[in-house]
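Participant: Sharing target.txt, compact mmCIF, C-alpha atoms:
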```
# COMPACT_ATOMS: atom_id res chain seq x y z
CA MET A 1290 17.58 27.90 72.88
CA LEU A 1291 21.26 28.09 73.77
CA PRO A 1292 22.63 26.51 76.94
CA GLN A 1293 22.93 29.04 79.75
CA PHE A 1294 26.73 28.96 79.59
CA LEU A 1295 26.75 29.96 75.91
CA GLN A 1296 23.99 32.49 76.45
CA SER A 1297 26.10 34.15 79.13
CA LEU A 1298 28.92 34.55 76.61
CA ALA A 1299 26.74 35.87 73.78
CA ASN A 1300 27.23 39.52 74.74
CA ASN A 1301 30.86 39.22 73.65
CA GLU A 1302 29.61 38.97 70.07
CA SER A 1303 27.20 41.91 70.38
CA ASN A 1304 29.65 44.38 71.93
CA ALA A 1305 32.15 45.78 69.44
CA ASN A 1306 34.41 46.84 72.31
CA SER A 1307 34.94 43.19 73.22
CA PHE A 1308 36.95 42.76 70.00
CA THR A 1309 39.24 45.72 70.57
CA ASN A 1310 41.84 43.85 72.61
CA TYR A 1311 40.95 40.35 71.48
CA THR A 1312 43.66 37.76 70.89
CA PRO A 1313 43.32 34.03 70.14
CA ASP A 1314 45.32 33.19 73.28
CA THR A 1315 42.24 32.08 75.23
CA ILE A 1316 40.90 29.74 72.57
CA ARG A 1317 44.40 28.31 72.06
CA SER A 1318 44.66 27.58 75.79
CA ILE A 1319 41.28 25.84 75.88
CA LEU A 1320 41.98 23.80 72.75
CA LYS A 1321 45.31 22.67 74.21
CA LEU A 1322 43.51 21.45 77.33
CA LEU A 1323 41.11 19.54 75.06
CA GLY A 1324 43.98 17.89 73.19
CA ASN A 1325 43.96 20.26 70.18
CA PRO A 1326 41.20 18.52 68.19
CA GLN A 1327 41.56 21.10 65.39
CA GLU A 1328 45.05 19.79 64.60
CA ARG A 1329 43.61 16.45 63.50
CA ILE A 1330 41.05 17.90 61.09
CA PRO A 1331 42.15 18.65 57.50
CA CYS A 1332 40.76 22.12 56.82
CA ILE A 1333 40.12 24.81 54.24
CA HIS A 1334 40.19 28.29 55.81
CA ILE A 1335 38.22 31.18 54.28
CA ALA A 1336 38.46 34.92 54.97
CA GLY A 1337 37.26 37.98 53.07
CA THR A 1338 34.59 40.66 53.17
CA ASN A 1339 32.03 39.39 50.66
CA GLY A 1340 31.30 35.94 49.29
CA LYS A 1341 32.84 34.00 52.19
CA GLY A 1342 29.71 32.04 52.96
CA SER A 1343 28.84 31.27 49.34
CA THR A 1344 32.40 30.17 48.57
CA ALA A 1345 32.49 28.01 51.69
CA TYR A 1346 29.22 26.32 50.72
CA MET A 1347 30.53 25.70 47.20
CA ILE A 1348 33.76 24.11 48.38
CA ALA A 1349 31.91 21.95 50.90
CA LYS A 1350 29.38 20.88 48.27
CA ILE A 1351 32.10 19.89 45.77
CA LEU A 1352 33.91 17.86 48.41
CA GLN A 1353 30.68 16.20 49.50
CA ALA A 1354 29.83 15.36 45.87
CA SER A 1355 33.29 13.76 45.71
CA GLY A 1356 32.29 11.31 48.43
CA TYR A 1357 33.87 12.98 51.44
CA THR A 1358 32.26 13.64 54.80
CA VAL A 1359 32.53 17.41 55.10
CA GLY A 1360 32.23 19.70 58.09
CA LEU A 1361 31.16 23.28 57.44
CA TYR A 1362 31.49 26.11 59.94
CA THR A 1363 29.97 29.45 58.95
CA SER A 1364 28.51 32.53 60.60
CA PRO A 1365 26.26 34.26 61.28
CA HIS A 1366 23.13 32.11 61.16
CA LEU A 1367 19.75 33.03 59.71
CA MET A 1368 17.29 31.27 62.02
CA ARG A 1369 19.16 28.98 64.44
CA TYR A 1370 22.66 28.76 65.87
CA ASN A 1371 22.67 25.12 64.74
CA GLU A 1372 23.04 26.29 61.11
CA ARG A 1373 26.60 27.38 61.81
CA ILE A 1374 27.89 23.83 62.29
CA THR A 1375 26.97 21.13 59.78
CA ILE A 1376 28.28 17.79 58.57
CA ASN A 1377 27.24 16.96 55.00
CA GLY A 1378 24.50 19.54 55.34
CA GLU A 1379 23.11 18.13 58.60
CA GLU A 1380 22.98 20.70 61.39
CA ILE A 1381 24.43 19.99 64.80
CA THR A 1382 21.57 19.02 67.14
CA ASP A 1383 20.50 20.87 70.27
CA ASP A 1384 21.56 17.86 72.35
CA GLU A 1385 25.03 17.92 70.82
CA ILE A 1386 25.40 21.64 71.48
CA TYR A 1387 24.39 21.06 75.12
CA GLU A 1388 26.82 18.14 75.44
CA TYR A 1389 29.81 20.08 74.09
CA SER A 1390 28.79 23.20 76.02
CA GLU A 1391 28.80 21.24 79.28
CA ILE A 1392 32.30 19.92 78.59
CA LEU A 1393 33.46 23.44 77.83
CA GLU A 1394 31.75 25.00 80.85
CA ILE A 1395 33.31 22.55 83.29
CA LEU A 1396 36.77 23.07 81.80
CA CYS A 1397 36.47 26.87 81.80
CA LYS A 1398 35.26 27.01 85.39
CA THR A 1399 37.98 24.62 86.54
CA GLN A 1400 40.69 26.64 84.79
CA ASN A 1401 39.09 30.06 85.49
CA ILE A 1402 39.02 30.89 81.77
CA THR A 1403 36.35 33.00 80.06
CA PRO A 1404 36.17 32.61 76.28
CA THR A 1405 34.16 34.85 73.98
CA PHE A 1406 30.99 33.40 72.54
CA PHE A 1407 32.64 32.93 69.16
CA ASP A 1408 35.61 31.21 70.83
CA ALA A 1409 33.20 28.80 72.48
CA PHE A 1410 31.17 28.05 69.38
CA THR A 1411 34.33 27.57 67.31
CA ILE A 1412 35.58 25.05 69.87
CA ILE A 1413 32.23 23.25 69.69
CA ALA A 1414 32.63 23.04 65.90
CA PHE A 1415 36.08 21.47 66.27
CA LEU A 1416 34.79 18.98 68.85
CA HIS A 1417 31.87 18.09 66.59
CA PHE A 1418 34.07 17.62 63.52
CA HIS A 1419 36.84 15.74 65.34
CA ASN A 1420 36.79 12.06 64.33
CA SER A 1421 33.59 12.67 62.31
CA VAL A 1422 34.70 14.35 59.08
CA ASP A 1423 37.26 13.80 56.34
CA ILE A 1424 37.73 17.55 55.91
CA ALA A 1425 36.22 20.77 57.25
CA VAL A 1426 35.60 24.13 55.59
CA ILE A 1427 36.07 26.87 58.17
CA GLU A 1428 34.88 30.45 57.61
CA THR A 1429 36.37 33.24 59.70
CA GLY A 1430 34.01 35.24 61.85
CA LEU A 1431 35.68 38.65 61.73
CA GLY A 1432 38.91 39.58 59.98
CA GLY A 1433 41.30 36.66 60.10
CA ARG A 1434 44.58 37.45 61.80
CA LEU A 1435 43.02 37.67 65.26
CA ASP A 1436 39.95 35.55 64.55
CA SER A 1437 38.99 32.63 66.77
CA THR A 1438 39.25 30.30 63.79
CA ASN A 1439 42.88 31.23 63.11
CA VAL A 1440 44.15 28.32 65.17
CA ILE A 1441 44.17 25.86 62.29
CA THR A 1442 46.79 24.94 59.72
CA PRO A 1443 44.72 24.64 56.54
CA LEU A 1444 45.47 22.69 53.40
CA VAL A 1445 44.51 25.82 51.45
CA SER A 1446 43.74 29.36 52.59
CA VAL A 1447 41.04 31.16 50.62
CA ILE A 1448 40.47 34.91 50.48
CA THR A 1449 37.31 36.29 48.90
CA PRO A 1450 36.88 39.93 47.78
CA ILE A 1451 38.07 42.44 50.37
CA SER A 1452 36.19 45.69 50.84
CA TYR A 1453 35.02 48.01 53.62
CA ASP A 1454 33.19 46.44 56.56
CA HIS A 1455 33.60 46.25 60.36
CA MET A 1456 35.83 49.31 60.09
CA ALA A 1457 35.60 50.14 63.81
CA ILE A 1458 37.41 46.86 64.47
CA LEU A 1459 39.43 45.99 61.35
CA GLY A 1460 40.54 49.48 60.33
CA THR A 1461 39.36 52.30 58.10
CA THR A 1462 41.59 51.65 55.07
CA LEU A 1463 41.69 48.73 52.65
CA HIS A 1464 45.33 48.21 53.62
CA GLU A 1465 44.39 47.72 57.28
CA ILE A 1466 41.42 45.49 56.49
CA ALA A 1467 43.43 43.37 54.04
CA TYR A 1468 46.20 43.00 56.62
CA GLN A 1469 43.71 41.37 58.98
CA LYS A 1470 42.35 39.06 56.28
CA ALA A 1471 45.89 38.12 55.18
CA GLY A 1472 46.55 36.76 58.65
CA ILE A 1473 45.09 33.38 57.68
CA ILE A 1474 47.95 32.81 55.20
CA LYS A 1475 50.22 30.10 56.62
CA HIS A 1476 53.91 29.42 55.98
CA THR A 1477 54.51 27.70 52.59
CA LEU A 1478 50.85 26.67 52.22
CA PRO A 1479 48.84 27.62 49.09
CA VAL A 1480 46.44 30.56 48.94
CA VAL A 1481 43.61 31.13 46.45
CA SER A 1482 42.29 34.67 46.19
CA ALA A 1483 39.45 36.33 44.37
CA LYS A 1484 40.25 39.33 42.21
CA GLN A 1485 41.20 42.13 44.59
CA ASN A 1486 41.46 45.89 44.67
CA PRO A 1487 45.13 46.78 43.90
CA GLU A 1488 45.71 48.04 47.45
CA ALA A 1489 44.38 44.84 49.03
CA LYS A 1490 46.25 42.72 46.48
CA LYS A 1491 49.60 44.25 47.47
CA VAL A 1492 48.97 43.40 51.12
CA LEU A 1493 48.18 39.77 50.27
CA GLN A 1494 51.24 39.52 48.02
CA LYS A 1495 53.50 40.87 50.74
CA GLU A 1496 52.12 38.45 53.35
CA ALA A 1497 52.41 35.49 50.98
CA SER A 1498 55.95 36.46 50.01
CA THR A 1499 57.01 36.77 53.65
CA LYS A 1500 55.57 33.34 54.40
CA GLN A 1501 56.78 31.79 51.13
CA SER A 1502 53.21 30.79 50.31
CA PRO A 1503 52.15 30.26 46.68
CA LEU A 1504 49.38 32.75 45.91
CA PHE A 1505 46.90 32.39 43.05
CA PHE A 1506 44.54 35.17 41.93
CA VAL A 1507 41.38 35.20 39.86
CA GLY A 1508 42.25 37.35 36.86
CA GLU A 1509 45.86 36.22 36.88
CA HIS A 1510 46.08 32.44 37.35
CA ILE A 1511 42.33 31.75 37.22
CA HIS A 1512 40.06 33.19 34.53
CA TYR A 1513 36.31 32.89 34.09
CA ALA A 1514 33.96 34.01 31.32
CA ILE A 1515 30.19 34.17 31.73
CA THR A 1516 28.28 32.83 28.72
CA SER A 1517 24.76 33.14 30.18
CA HIS A 1518 23.45 35.34 32.99
CA ASN A 1519 20.08 33.70 33.60
CA PRO A 1520 20.63 30.84 34.15
CA LEU A 1521 24.22 31.44 35.22
CA ILE A 1522 26.61 29.53 32.92
CA PHE A 1523 30.33 30.16 32.68
CA ASP A 1524 33.72 28.77 31.64
CA VAL A 1525 36.85 28.68 33.80
CA LEU A 1526 40.49 28.53 32.67
CA PHE A 1527 43.55 27.70 34.80
CA ASN A 1528 47.13 28.49 33.83
CA HIS A 1529 49.30 27.16 36.64
CA PRO A 1530 50.65 23.65 37.39
CA ALA A 1531 49.25 23.87 40.94
CA PHE A 1532 45.81 23.16 39.49
CA GLY A 1533 46.91 19.90 37.91
CA SER A 1534 45.94 18.56 34.50
CA TYR A 1535 42.54 20.24 34.29
CA LYS A 1536 43.10 23.48 32.41
CA GLN A 1537 39.55 24.32 31.37
CA PHE A 1538 35.97 23.78 32.50
CA GLU A 1539 33.26 24.68 29.99
CA HIS A 1540 29.55 25.39 30.42
CA ILE A 1541 29.42 25.20 34.19
CA HIS A 1542 25.82 25.67 35.31
CA CYS A 1543 25.47 27.37 38.69
CA SER A 1544 22.06 27.22 40.36
CA LEU A 1545 22.75 30.47 42.21
CA THR A 1546 22.08 33.86 40.63
CA GLY A 1547 24.33 36.86 40.16
CA ASP A 1548 27.48 37.20 38.07
CA PHE A 1549 29.53 37.49 41.27
CA GLN A 1550 28.67 33.86 42.02
CA ALA A 1551 30.70 32.84 38.95
CA ALA A 1552 33.68 34.58 40.57
CA ASN A 1553 33.01 32.78 43.87
CA ALA A 1554 32.67 29.47 42.06
CA SER A 1555 35.98 30.01 40.24
CA VAL A 1556 37.70 30.39 43.60
CA ALA A 1557 35.94 27.28 44.92
CA ILE A 1558 36.93 25.19 41.88
CA ALA A 1559 40.55 26.37 42.07
CA THR A 1560 40.68 25.41 45.75
CA THR A 1561 39.40 21.90 45.12
CA LEU A 1562 41.76 21.43 42.16
CA ILE A 1563 44.70 22.15 44.45
CA LEU A 1564 43.37 19.40 46.70
CA LYS A 1565 43.01 17.09 43.68
CA ASN A 1566 46.61 17.80 42.75
CA ASN A 1567 47.48 16.57 46.25
CA ASN A 1568 45.72 13.23 45.86
CA TRP A 1569 42.17 14.13 46.90
CA ALA A 1570 39.69 12.19 44.75
CA ILE A 1571 37.93 15.01 42.89
CA VAL A 1572 36.89 14.81 39.23
CA PRO A 1573 35.10 17.33 36.96
CA GLU A 1574 31.76 15.51 37.25
CA HIS A 1575 31.74 16.21 41.00
CA ILE A 1576 32.33 19.91 40.39
CA TYR A 1577 29.64 20.22 37.70
CA HIS A 1578 27.09 18.34 39.82
CA ALA A 1579 27.81 20.28 43.00
CA LEU A 1580 27.51 23.73 41.44
CA SER A 1581 24.35 22.88 39.50
CA SER A 1582 22.50 21.77 42.64
CA LEU A 1583 23.48 24.49 45.11
CA HIS A 1584 20.98 26.15 47.40
CA ILE A 1585 22.28 28.67 49.90
CA PRO A 1586 19.64 30.29 52.11
CA GLY A 1587 19.77 34.06 52.37
CA ARG A 1588 21.55 34.66 49.08
CA SER A 1589 19.05 36.24 46.66
CA GLU A 1590 16.57 33.75 48.07
CA LEU A 1591 13.06 33.86 46.65
CA LEU A 1592 10.77 33.53 49.67
CA SER A 1593 7.40 33.65 47.92
CA ASP A 1594 5.84 34.04 44.46
CA LYS A 1595 2.65 35.88 45.42
CA PRO A 1596 3.68 38.49 46.24
CA VAL A 1597 7.22 38.14 44.92
CA CYS A 1598 9.51 38.47 47.95
CA LEU A 1599 13.29 38.15 47.86
CA PHE A 1600 15.82 38.22 50.69
CA ASP A 1601 19.53 38.90 50.35
CA CYS A 1602 21.94 39.24 53.25
CA ALA A 1603 23.96 42.10 51.67
CA HIS A 1604 25.22 44.14 54.62
CA ASN A 1605 27.90 46.43 53.20
CA PRO A 1606 28.01 48.77 50.19
CA GLU A 1607 29.90 46.46 47.83
CA ALA A 1608 27.62 43.50 48.54
CA LEU A 1609 24.54 45.68 48.14
CA LYS A 1610 25.72 46.88 44.71
CA HIS A 1611 26.08 43.26 43.56
CA THR A 1612 22.65 42.35 44.92
CA LEU A 1613 20.92 45.27 43.23
CA GLN A 1614 22.65 44.53 39.92
CA ASN A 1615 21.44 40.93 40.18
CA ILE A 1616 17.88 42.12 40.87
CA HIS A 1617 18.06 44.51 37.92
CA ASP A 1618 19.27 41.74 35.61
CA ARG A 1619 16.70 39.13 36.69
CA TYR A 1620 13.62 41.09 37.70
CA SER A 1621 13.61 44.14 35.43
CA GLY A 1622 9.85 43.81 34.85
CA TYR A 1623 9.01 44.46 38.50
CA ASN A 1624 8.73 47.60 40.56
CA THR A 1625 10.88 47.16 43.66
CA ILE A 1626 9.72 47.85 47.19
CA PHE A 1627 12.51 47.78 49.76
CA CYS A 1628 12.25 46.68 53.35
CA ILE A 1629 15.59 47.05 55.09
CA SER A 1630 17.36 47.02 58.41
CA PHE A 1631 20.99 47.70 59.33
CA MET A 1632 23.33 47.06 62.20
CA LYS A 1633 25.00 50.08 63.83
CA ASP A 1634 28.53 49.19 62.75
CA LYS A 1635 27.82 49.41 59.00
CA ASP A 1636 28.44 52.18 56.47
CA ILE A 1637 24.78 53.10 56.58
CA THR A 1638 24.89 56.38 54.67
CA ALA A 1639 26.72 54.75 51.76
CA MET A 1640 24.17 51.93 51.58
CA LEU A 1641 21.23 54.33 51.73
CA HIS A 1642 22.72 56.35 48.88
CA ILE A 1643 23.00 53.15 46.82
CA LEU A 1644 19.37 52.27 47.51
CA GLN A 1645 18.23 55.82 46.76
CA ARG A 1646 19.83 55.61 43.31
CA PHE A 1647 18.02 52.33 42.66
CA THR A 1648 14.48 53.33 43.65
CA SER A 1649 12.42 56.51 43.84
CA LYS A 1650 9.87 54.94 46.19
CA PRO A 1651 9.86 55.35 49.98
CA ILE A 1652 11.88 52.66 51.76
CA SER A 1653 10.46 50.72 54.71
CA TYR A 1654 12.86 50.35 57.62
CA LEU A 1655 12.16 47.69 60.25
CA GLN A 1656 13.61 48.51 63.65
CA LEU A 1657 14.64 45.11 64.99
CA PRO A 1658 14.45 44.29 68.71
CA ASP A 1659 18.23 44.08 68.89
CA SER A 1660 20.58 46.44 70.70
CA ARG A 1661 22.89 46.31 67.67
CA CYS A 1662 20.20 47.56 65.30
CA TYR A 1663 20.62 51.04 63.83
CA ILE A 1664 17.77 53.48 64.51
CA PRO A 1665 17.46 56.20 61.84
CA ASP A 1666 17.07 59.73 63.18
CA GLU A 1667 14.57 62.19 61.71
CA GLU A 1668 17.10 63.77 59.38
CA ILE A 1669 18.08 60.41 57.88
CA GLN A 1670 14.42 59.42 57.56
CA LYS A 1671 13.66 62.63 55.68
CA THR A 1672 16.79 62.59 53.48
CA PHE A 1673 16.33 59.02 52.31
CA SER A 1674 12.51 58.74 52.46
CA LEU A 1675 12.60 56.09 55.17
CA HIS A 1676 9.38 54.93 56.81
CA VAL A 1677 10.37 53.39 60.13
CA PHE A 1678 8.35 50.54 61.64
CA SER A 1679 8.89 49.03 65.07
CA ASP A 1680 6.59 46.04 64.65
CA ILE A 1681 5.90 43.47 61.96
CA LYS A 1682 2.12 43.82 61.92
CA SER A 1683 2.08 47.50 61.01
CA LEU A 1684 4.77 46.97 58.37
CA THR A 1685 2.90 44.03 56.86
CA HIS A 1686 -0.36 46.00 56.82
CA THR A 1687 1.34 48.90 55.02
CA ILE A 1688 2.90 46.61 52.41
CA LYS A 1689 -0.37 44.74 51.78
CA THR A 1690 -2.25 48.03 51.43
CA HIS A 1691 0.07 49.49 48.81
CA ILE A 1692 1.46 46.50 46.89
CA ASN A 1693 0.47 45.90 43.26
CA SER A 1694 0.70 42.79 41.10
CA ASN A 1695 3.89 43.98 39.40
CA ASP A 1696 5.63 44.93 42.64
CA MET A 1697 8.47 42.95 44.19
CA ILE A 1698 9.50 43.21 47.84
CA ILE A 1699 13.23 43.15 48.54
CA PHE A 1700 14.40 42.47 52.10
CA THR A 1701 18.07 43.26 52.67
CA GLY A 1702 20.66 44.96 54.88
CA THR A 1703 21.46 42.35 57.52
CA PHE A 1704 21.33 38.61 58.19
CA ARG A 1705 19.23 39.37 61.26
CA LEU A 1706 16.30 40.54 59.15
CA TYR A 1707 15.76 37.04 57.76
CA PRO A 1708 13.40 35.50 60.36
CA TYR A 1709 11.29 38.66 60.38
CA CYS A 1710 10.89 38.75 56.61
CA LYS A 1711 9.96 35.05 56.64
CA HIS A 1712 7.22 35.92 59.11
CA ILE A 1713 6.08 38.91 57.03
CA CYS A 1714 5.85 36.73 53.92
CA SER A 1715 3.73 34.17 55.78
CA LEU A 1716 1.36 36.92 56.97
CA MET A 1717 0.87 38.12 53.40
CA GLN A 1718 -0.19 34.74 52.03
```
Take the structure in this file and express it as structure tokens.
Facilitator:
Amino acid sequence: MLPQFLQSLANNESNANSFTNYTPDTIRSILKLLGNPQERIPCIHIAGTNGKGSTAYMIAKILQASGYTVGLYTSPHLMRYNERITINGEEITDDEIYEYSEILEILCKTQNITPTFFDAFTIIAFLHFHNSVDIAVIETGLGGRLDSTNVITPLVSVITPISYDHMAILGTTLHEIAYQKAGIIKHTLPVVSAKQNPEAKKVLQKEASTKQSPLFFVGEHIHYAITSHNPLIFDVLFNHPAFGSYKQFEHIHCSLTGDFQAANASVAIATTLILKNNNWAIVPEHIYHALSSLHIPGRSELLSDKPVCLFDCAHNPEALKHTLQNIHDRYSGYNTIFCISFMKDKDITAMLHILQRFTSKPISYLQLPDSRCYIPDEEIQKTFSLHVFSDIKSLTHTIKTHINSNDMIIFTGTFRLYPYCKHICSLMQ
């Protein structure tokens, strides 16, 4: 349970209108009053549409395997707010959240300042990491240029694949969305980017050129080749002096599934090699070990074997395509049963079309008790064969009644579905 002060700010995150005129001025003012703890934390900053969380976990894991104490700040969470702030994988405790929240509440009331919820939680992350970590990996919440996290000067900026999401806030074109993501690029500091759509790539190149920042792309300076899909094994090649003396990594085993994770891992490796080239103690063994022992909840996570239930947090069309391809590659012997839910601000029609092409079976839609949850109208239900459920028990009963031994249940569409599908899986045991 969040402290009352944080709970009172939580609506800022649920109301899209609260982001319309947002600027980081408030969080900058509060951090200044706190002595700017973020300025004394070496950081990696990550923006992008898809793969941010996975890439952040990978970088943090490599650094931790290298012997460093690593802070990791990600969002959203799956079960608890505590998941967003970790040090070497250990979540911030409730007591620590209350302690930092009290400091923040007193300061804000004294100064008559009202931060957004994400401002407040970002500040708590900085306070928690200050004097406790060697380095922190910081994931943006939304966009980048105007994000609460964009108050740091990172050692490396990282940009994962850019595609369409949060269009009501970030813009309706790739150019506009990429412009927001490019805002984390800092003057003269290195940037590692995933392979990008040509339109997004031009925006990043322009921003990097303006700020005289060296920019390295997968597909240009970083190349990977997958040699096995299940398990995921790949090679990575580097062809720029910024990555130091290591030009090639062969037979990297990644414990995650999906070819796109090889792309994410290539970005993560490149980022840590730039650190190594600047005297951080990272060797290949650390990289191999970290990637072979990764577990990231909510990313093609197998929740149960009987019945086979899988959850993936794909919440935009591009991510959903990757998830479905991964399912096709790994679970081709199963018939898929989908249970989905979406938030209102997503490209819902596009995602439903993608699902419709993947399965001919009716799709179960769980209406979450959340004001942000999309509620399909009758036309949408009919067009896409959606069966809408408003409670877990009736959905579970329907699944149990119709499921066969060669069926697989796929939960996807939003992070917020995760605790409900965990409950559903427990009811089916």
Participant: Please build the interface table for range 1500-1545 of chain A against range 1613-1625 of chain A with a cut-off of 10 Å, listing for each qualifying residue the nearest atom pair and the distance in Å to one decimal; count all atoms listed in the file, order rows by chain and increasing number, and write it as CSV.
Facilitator:
```
residue,atom,partner,partner_atom,distance
A:His1518,CA,A:Asp1618,CA,8.1
A:Asn1519,CA,A:Arg1619,CA,7.1
A:Pro1520,CA,A:Arg1619,CA,9.5
```
Participant: Extract, using all atoms listed in the file, all DNA, RNA and protein residues at most 10 Å from Ile1571 in chain A, discarding same-chain residues fewer than 4 positions from it, and format them as a list in words.
Facilitator: Ile1351, Leu1352, Gln1353, Ala1354, Ser1355, Gly1356, Tyr1357, Thr1561, Leu1562, Ile1563, Leu1564, Lys1565, Asn1566, His1575 and Ile1576 of chain A
Participant: Residues of the last selection are to be written out with C-alpha atoms, as a PDB file, keeping the file's coordinate frame.
Facilitator:
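out_27.pdb, freshly written:
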```pdb
ATOM      1  CA  ILE A1351      32.100  19.890  45.770  1.00  0.00           C
ATOM      2  CA  LEU A1352      33.910  17.860  48.410  1.00  0.00           C
ATOM      3  CA  GLN A1353      30.680  16.200  49.500  1.00  0.00           C
ATOM      4  CA  ALA A1354      29.830  15.360  45.870  1.00  0.00           C
ATOM      5  CA  SER A1355      33.290  13.760  45.710  1.00  0.00           C
ATOM      6  CA  GLY A1356      32.290  11.310  48.430  1.00  0.00           C
ATOM      7  CA  TYR A1357      33.870  12.980  51.440  1.00  0.00           C
ATOM      8  CA  THR A1561      39.400  21.900  45.120  1.00  0.00           C
ATOM      9  CA  LEU A1562      41.760  21.430  42.160  1.00  0.00           C
ATOM     10  CA  ILE A1563      44.700  22.150  44.450  1.00  0.00           C
ATOM     11  CA  LEU A1564      43.370  19.400  46.700  1.00  0.00           C
ATOM     12  CA  LYS A1565      43.010  17.090  43.680  1.00  0.00           C
ATOM     13  CA  ASN A1566      46.610  17.800  42.750  1.00  0.00           C
ATOM     14  CA  HIS A1575      31.740  16.210  41.000  1.00  0.00           C
ATOM     15  CA  ILE A1576      32.330  19.910  40.390  1.00  0.00           C
TER      16      ILE A1576
END
```
Participant: Any idea what's packed within 8 Å of Leu1684 in chain A, counting all atoms listed in the file, ignoring anything in its chain fewer than 4 positions away? Could you give it as a VMD selection string?
Facilitator: chain A and resid 1653 1655 1678 1680 1688
Participant: Measuring atom to atom with only C-alpha atoms, identify which of A:Thr1703, A:Asn1439, A:Asn1693, A:Ser1581 is nearest to His1366 in chain A.
Facilitator: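 Nearest candidate to His1366 in chain A out of A:Thr1703, A:Asn1439, A:Asn1693, A:Ser1581: A:Thr1703.
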Participant: Using all atoms listed in the file for the distances, tell me which of A:Lys1689, A:Lys1475, A:His1604, A:Lys1341 is nearest to Leu1706 in chain A.
Facilitator: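 Once distances to Leu1706 in chain A are computed over all atoms listed in the file, the minimum belongs to A:His1604.
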Participant: I'd like the interatomic distance between CA of Gln1656 in chain A and CA of Ile1699 in chain A, to a tenth of an Å.
Facilitator: 16.0 Å
Participant: What is the CA of Asn1486 in chain A-CA of His1540 in chain A distance in Å, reported with one decimal?
Facilitator: 27.7 Å
Participant: Provide the CA of Glu1607 in chain A to CA of Ile1713 in chain A distance in Å, to one decimal place.
Facilitator: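 A separation of 26.6 Å between them.
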Participant: A:Ile1319, A:Ala1531, A:Ala1467, A:Val1440: which is nearest Ile1402 in chain A, counting only C-alpha atoms?
Facilitator: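 Ranked by minimum distance to Ile1402 in chain A, first place goes to A:Ile1319.
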Participant: Identify which of the residues A:Cys1628, A:Ala1579, A:Ile1376, A:Cys1662 lies closest to Thr1687 in chain A, counting all atoms listed in the file when measuring atom-to-atom distances.
Facilitator: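 Closest to Thr1687 in chain A of all the choices is A:Cys1628.
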Participant: Counting only C-alpha atoms, find the residues whose atoms lie at most 8 Å from (22.4, 31.6, 36.1) (file coordinates) and write them out as a VMD selection string.
Facilitator: chain A and resid 1517 to 1522 1542 to 1548
Participant: Name the residues in contact with Ser1498 in chain A at a cut-off of 10 Å, using all atoms listed in the file, excluding same-chain residues fewer than 5 positions from it; report them as a list in words.
Facilitator: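 Here the answer would be His1476, Thr1477, Val1492, Leu1493, Pro1503 and Leu1504 of chain A.
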Participant: Is there a way to get, as number ranges by chain, all residues within 12 Å of the point (23.6, 34.7, 56.0) in file coordinates, counting only C-alpha atoms?
Facilitator: A: 1339-1343, 1345-1346, 1363-1370, 1372-1373, 1430, 1585-1590, 1600-1604, 1701-1708
Participant: Within 10 Å of Ser1482 in chain A, counting only C-alpha atoms, which residues show up once you throw out same-chain ones fewer than 6 positions away? Write them as a ChimeraX atom specification, please.
Facilitator: /A:1335-1337,1446-1451,1490,1493,1504-1508,1510-1511,1553,1555-1557,1559-1560
Participant: Please determine, counting all atoms listed in the file, which residue among A:Leu1526, A:Ile1441, A:Ala1497, A:Met1290 has the shortest atom-to-atom distance to His1512 in chain A.
Facilitator: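 Counting all atoms listed in the file, the residue closest to His1512 in chain A is A:Leu1526.
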